[in-house]
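Q: Dropping the structure in here first, questions after.
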Amino acid sequence: MIRYLVEFSLERDEARLVEIASIQETYGTFLIEHLDEKTAIISGSWDPLRRCAFVNYVGLIVGEAEDLSAFQEGLPAGKFYIRYRDIDGDKPMSEAAIGDMLKARGRVSFRDPDYVVRVVHHGIFYVTKVVYERDKKQFIERKAPRRPFFSPVSMDPKYARFLVNTAHVRENQLLIDPFCGTGGILIEAALMGIRVIGNDVALSMAAGARTNLKHFHVEDFHIYNMDVSDLPVRDVDGIATDMPYGRNSYASEDLEVLYERSFRKFHEMLKPHGYASFVVSDPDLAELARPFFNIVHDVPVYQHRSLTRHFITAMRKD
């Protein structure tokens with residue numbers, strides 16, 4: 001059986017665990033054999049993990065060993081170089097020494113490798129052939145200050161992508177962000193091949209979202225500028241949004257009233273069994289979704305001393 005080692009980035013919350021489980025549910029093309037805060041082991045097709053916000057590496061497991069000097073499996077043909085990660089921090093080892101153990105002499109090439117060997121120590125040694133490495137620069141390039149239209153309250157692109165992934169939407173399906181702000185969630189969804197609709201009651205935000213989407217070469221989208229209850233939208237596959245909290249445009253309306261009618265509208269817009277993923281600052285406000293949704297996950301994400309935001313995954317009640 002072909003198995004892969006998945007290495008997560010180092011966020012301190014459980015978002016990375018919820019994300020990979022959500023993608024497994026969405027695609028059903030791989031099985032999760034092991035899952036902890038640092039790694040996962042999967043079997044099947046790893047390709048959907050390209051869309052993960054919190055996966056840094058995927059490696060085809062060539063072999064496993066309690067003692068690397070006892071490693072017996074041969075490495076695939078071709079030239080390579082070796083990288084080592086000691087997750088547990090108790091097996092310091094040079095990559096040159098590992099190369100000797102793997103009988104790599106004469107095959108190492110940093111200039112023109114055919115592949116990269118990544119050796120990971122986590123309980124045991126995993127010898128892997130890297131099949132995927134996330135381009136860490138991409139999220140940096142999409143951070144709010146680098147967009148043409150900027151708002152300081154914009155969500156980090158990694159967490160925007162996480163929100164889309166927990167909405168269980170696949171390529172060519174339709175996702176709506178009813179409170180889209182500057183469009184960060186829509187950008188991440190569109191770059192994953194998802195069709196997107198946005199809305200914001202503030203004209204400046206709706207216009208800014210259009211500008212930002214075009215900046216990232218997204219052409220197939222629609223942005224509304226209206227109250228959420230008036231949206232003429234039906235049969236969307238998923239919802240991902242950052243719920244208003246203290247925005248000037250809703251200052252005249254009690255948040256509980258706004259949230260209750262928003263969740264009612266979410267239920268109306270979604271297809272049966274669809275998911276709404278949304279962010280709230282007060283978890284009590286998420287309870288207002290329960291007449292319309294089953295709450296599946298609540299991931300608290302620390303922002304600063306006075307603010308923790310809750311990333312909620314909810315499935316439509318039918």
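By order of appearance in the structure tokens: chains A, B, ..., then residues from 1 within every chain, and ligands from 1 in the order shown.
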Excluding range 235-240 of chain A and residues on its chain fewer than 2 positions from it, collect all residues at most 10 Å away from it, counting only C-alpha atoms, and give them as a CSV table (one decimal) with N, CA, C and O atoms, in the first residue's frame.
A:
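Wrote it out as selection_5.csv, contents follow:
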chain,number,residue,atom,x,y,z
A,160,ALA,N,-8.2,32.3,5.8
A,160,ALA,CA,-9.2,32.4,4.8
A,160,ALA,C,-9.3,31.1,4.0
A,160,ALA,O,-10.4,30.6,3.8
A,161,ARG,N,-8.2,30.6,3.7
A,161,ARG,CA,-8.2,29.3,2.9
A,161,ARG,C,-8.7,28.1,3.8
A,161,ARG,O,-9.5,27.3,3.3
A,162,PHE,N,-8.3,28.1,5.1
A,162,PHE,CA,-8.9,27.1,6.0
A,162,PHE,C,-10.4,27.2,6.0
A,162,PHE,O,-11.1,26.2,6.0
A,163,LEU,N,-10.9,28.4,6.1
A,163,LEU,CA,-12.4,28.6,6.1
A,163,LEU,C,-13.1,28.0,4.9
A,163,LEU,O,-14.1,27.4,5.0
A,164,VAL,N,-12.5,28.3,3.7
A,164,VAL,CA,-13.0,27.7,2.5
A,164,VAL,C,-12.9,26.2,2.5
A,164,VAL,O,-13.9,25.5,2.1
A,165,ASN,N,-11.8,25.6,3.0
A,165,ASN,CA,-11.7,24.2,3.0
A,165,ASN,C,-12.7,23.5,3.9
A,165,ASN,O,-13.2,22.4,3.7
A,166,THR,N,-13.0,24.2,5.1
A,166,THR,CA,-14.0,23.6,6.0
A,166,THR,C,-15.4,23.8,5.5
A,166,THR,O,-16.4,23.2,6.0
A,167,ALA,N,-15.6,24.6,4.4
A,167,ALA,CA,-17.0,24.7,3.8
A,167,ALA,C,-17.3,23.5,2.9
A,167,ALA,O,-18.4,23.4,2.3
A,168,HIS,N,-16.3,22.6,2.7
A,168,HIS,CA,-16.5,21.4,1.9
A,168,HIS,C,-16.9,21.6,0.5
A,168,HIS,O,-17.8,21.0,-0.1
A,169,VAL,N,-16.2,22.6,-0.2
A,169,VAL,CA,-16.6,22.9,-1.6
A,169,VAL,C,-15.4,22.5,-2.5
A,169,VAL,O,-14.3,22.8,-2.2
A,170,ARG,N,-15.8,21.9,-3.6
A,170,ARG,CA,-14.8,21.4,-4.5
A,170,ARG,C,-14.7,22.3,-5.7
A,170,ARG,O,-15.4,23.3,-5.9
A,172,ASN,N,-15.1,24.0,-9.2
A,172,ASN,CA,-16.2,24.3,-10.1
A,172,ASN,C,-17.5,24.3,-9.4
A,172,ASN,O,-18.6,24.6,-10.0
A,173,GLN,N,-17.5,24.1,-8.0
A,173,GLN,CA,-18.7,24.3,-7.3
A,173,GLN,C,-18.8,25.8,-6.9
A,173,GLN,O,-17.9,26.6,-7.2
A,174,LEU,N,-20.0,26.2,-6.2
A,174,LEU,CA,-20.3,27.6,-6.0
A,174,LEU,C,-20.2,27.9,-4.5
A,174,LEU,O,-20.9,27.2,-3.7
A,175,LEU,N,-19.4,28.9,-4.1
A,175,LEU,CA,-19.3,29.4,-2.8
A,175,LEU,C,-19.7,30.9,-2.7
A,175,LEU,O,-19.3,31.6,-3.6
A,176,ILE,N,-20.4,31.2,-1.6
A,176,ILE,CA,-20.7,32.6,-1.4
A,176,ILE,C,-20.1,33.1,-0.1
A,176,ILE,O,-20.1,32.4,0.9
A,177,ASP,N,-19.6,34.3,-0.1
A,177,ASP,CA,-19.2,35.0,1.2
A,177,ASP,C,-20.2,36.2,1.3
A,177,ASP,O,-20.0,37.2,0.6
A,178,PRO,N,-21.2,36.1,2.2
A,178,PRO,CA,-22.2,37.2,2.3
A,178,PRO,C,-21.7,38.4,3.0
A,178,PRO,O,-22.4,39.5,2.9
A,179,PHE,N,-20.5,38.4,3.6
A,179,PHE,CA,-19.9,39.6,4.3
A,179,PHE,C,-18.5,39.7,3.8
A,179,PHE,O,-17.6,39.5,4.6
A,180,CYS,N,-18.3,39.9,2.5
A,180,CYS,CA,-17.0,39.6,1.9
A,180,CYS,C,-15.9,40.6,2.2
A,180,CYS,O,-14.7,40.4,2.0
A,185,ILE,N,-11.4,36.0,1.4
A,185,ILE,CA,-11.9,34.6,1.4
A,185,ILE,C,-12.2,34.2,-0.1
A,185,ILE,O,-11.9,33.1,-0.5
A,186,LEU,N,-12.8,35.1,-0.8
A,186,LEU,CA,-13.2,34.9,-2.2
A,186,LEU,C,-11.9,34.6,-3.0
A,186,LEU,O,-11.9,33.8,-3.9
A,189,ALA,N,-10.7,31.1,-2.4
A,189,ALA,CA,-11.6,30.1,-3.0
A,189,ALA,C,-11.4,30.1,-4.5
A,189,ALA,O,-11.3,29.0,-5.2
A,195,ARG,N,-16.0,28.6,-8.0
A,195,ARG,CA,-16.8,29.7,-8.5
A,195,ARG,C,-17.2,30.5,-7.3
A,195,ARG,O,-17.7,29.9,-6.3
A,196,VAL,N,-17.2,31.8,-7.3
A,196,VAL,CA,-17.4,32.6,-6.1
A,196,VAL,C,-18.4,33.8,-6.4
A,196,VAL,O,-18.5,34.3,-7.4
A,197,ILE,N,-19.2,34.0,-5.3
A,197,ILE,CA,-20.1,35.2,-5.2
A,197,ILE,C,-19.8,35.9,-3.9
A,197,ILE,O,-19.6,35.2,-2.9
A,198,GLY,N,-19.7,37.2,-3.9
A,198,GLY,CA,-19.5,37.9,-2.7
A,198,GLY,C,-20.6,39.0,-2.5
A,198,GLY,O,-21.4,39.3,-3.4
A,233,VAL,N,-30.0,34.8,-4.1
A,233,VAL,CA,-29.0,33.6,-4.3
A,233,VAL,C,-29.7,32.4,-3.8
A,233,VAL,O,-30.2,32.4,-2.6
A,242,ASP,N,-16.6,35.8,7.3
A,242,ASP,CA,-16.2,36.4,8.6
A,242,ASP,C,-17.4,37.3,9.0
A,242,ASP,O,-17.6,38.4,8.4
A,243,MET,N,-18.1,36.9,10.1
A,243,MET,CA,-19.3,37.6,10.5
A,243,MET,C,-19.0,39.0,11.0
A,243,MET,O,-17.9,39.2,11.6
A,266,PHE,N,-28.6,32.0,5.4
A,266,PHE,CA,-27.6,31.0,5.0
A,266,PHE,C,-28.3,29.7,4.7
A,266,PHE,O,-28.0,29.0,3.7
A,267,HIS,N,-29.2,29.3,5.6
A,267,HIS,CA,-29.9,28.0,5.4
A,267,HIS,C,-30.7,28.1,4.1
A,267,HIS,O,-30.8,27.1,3.4
A,268,GLU,N,-31.3,29.2,3.8
A,268,GLU,CA,-32.1,29.4,2.6
A,268,GLU,C,-31.3,29.3,1.4
A,268,GLU,O,-31.7,28.7,0.3
A,269,MET,N,-30.0,29.8,1.4
A,269,MET,CA,-29.2,29.8,0.2
A,269,MET,C,-28.5,28.5,-0.1
A,269,MET,O,-28.2,28.2,-1.2
A,270,LEU,N,-28.2,27.7,0.9
A,270,LEU,CA,-27.4,26.5,0.8
A,270,LEU,C,-28.2,25.3,0.2
A,270,LEU,O,-29.4,25.2,0.5
A,271,LYS,N,-27.5,24.5,-0.5
A,271,LYS,CA,-28.1,23.2,-1.0
A,271,LYS,C,-28.3,22.3,0.3
A,271,LYS,O,-27.6,22.5,1.3
A,272,PRO,N,-29.1,21.3,0.2
A,272,PRO,CA,-29.2,20.3,1.3
A,272,PRO,C,-27.9,19.7,1.6
A,272,PRO,O,-27.1,19.4,0.7
A,273,HIS,N,-27.6,19.5,2.9
A,273,HIS,CA,-26.4,18.9,3.4
A,273,HIS,C,-25.2,19.8,3.2
A,273,HIS,O,-24.0,19.4,3.4
A,274,GLY,N,-25.4,21.1,2.8
A,274,GLY,CA,-24.3,22.0,2.6
A,274,GLY,C,-23.7,22.5,3.9
A,274,GLY,O,-24.3,22.4,5.0
A,275,TYR,N,-22.5,23.1,3.8
A,275,TYR,CA,-21.8,23.6,5.0
A,275,TYR,C,-21.7,25.1,4.9
A,275,TYR,O,-21.4,25.7,3.9
A,276,ALA,N,-21.8,25.7,6.1
A,276,ALA,CA,-21.4,27.1,6.3
A,276,ALA,C,-20.3,27.2,7.3
A,276,ALA,O,-20.4,26.6,8.4
A,277,SER,N,-19.2,27.8,6.9
A,277,SER,CA,-18.1,28.0,7.8
A,277,SER,C,-18.0,29.5,8.0
A,277,SER,O,-17.9,30.3,7.1
A,278,PHE,N,-18.0,29.9,9.3
A,278,PHE,CA,-18.0,31.3,9.6
A,278,PHE,C,-17.2,31.6,10.9
A,278,PHE,O,-16.9,30.7,11.6
A,279,VAL,N,-16.9,32.9,11.0
A,279,VAL,CA,-16.0,33.3,12.2
A,279,VAL,C,-16.8,34.2,13.0
A,279,VAL,O,-17.4,35.2,12.5
A,312,ILE,N,-16.1,28.5,13.0
A,312,ILE,CA,-17.1,27.5,13.2
A,312,ILE,C,-17.4,26.8,11.8
A,312,ILE,O,-17.5,27.4,10.8
A,313,THR,N,-17.5,25.5,11.9
A,313,THR,CA,-18.0,24.7,10.8
A,313,THR,C,-19.4,24.2,11.1
A,313,THR,O,-19.6,23.5,12.2
A,314,ALA,N,-20.4,24.4,10.3
A,314,ALA,CA,-21.8,24.1,10.6
A,314,ALA,C,-22.4,23.4,9.3
A,314,ALA,O,-22.2,23.9,8.2
A,315,MET,N,-23.2,22.3,9.5
A,315,MET,CA,-23.8,21.7,8.4
A,315,MET,C,-25.3,22.0,8.5
A,315,MET,O,-26.0,21.9,9.5
A,316,ARG,N,-25.9,22.3,7.3
A,316,ARG,CA,-27.3,22.7,7.2
A,316,ARG,C,-28.2,21.6,7.7
A,316,ARG,O,-28.1,20.4,7.3
Q: Can you pull out the residues contacting Asp156 in chain A? Cut-off 9 Å, using only C-alpha atoms, and skip same-chain residues under 2 positions away; I want them as a ChimeraX atom specification.
A: /A:139,142-144,154,158-161,184
Q: Report, in Å to a single decimal, how far apart CA of Gly208 in chain A and CA of Gly181 in chain A are.
A: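 Computing the Euclidean distance for CA of Gly181 in chain A and CA of Gly208 in chain A yields 7.9 Å.
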Q: Would you return as a ChimeraX atom specification the members of range 124-235 of chain A that DSSP assigns to helix (DSSP H, G or I) on this structure's backbone?
A: /A:137-141,144-146,157-166,184-191,203-215,228-230
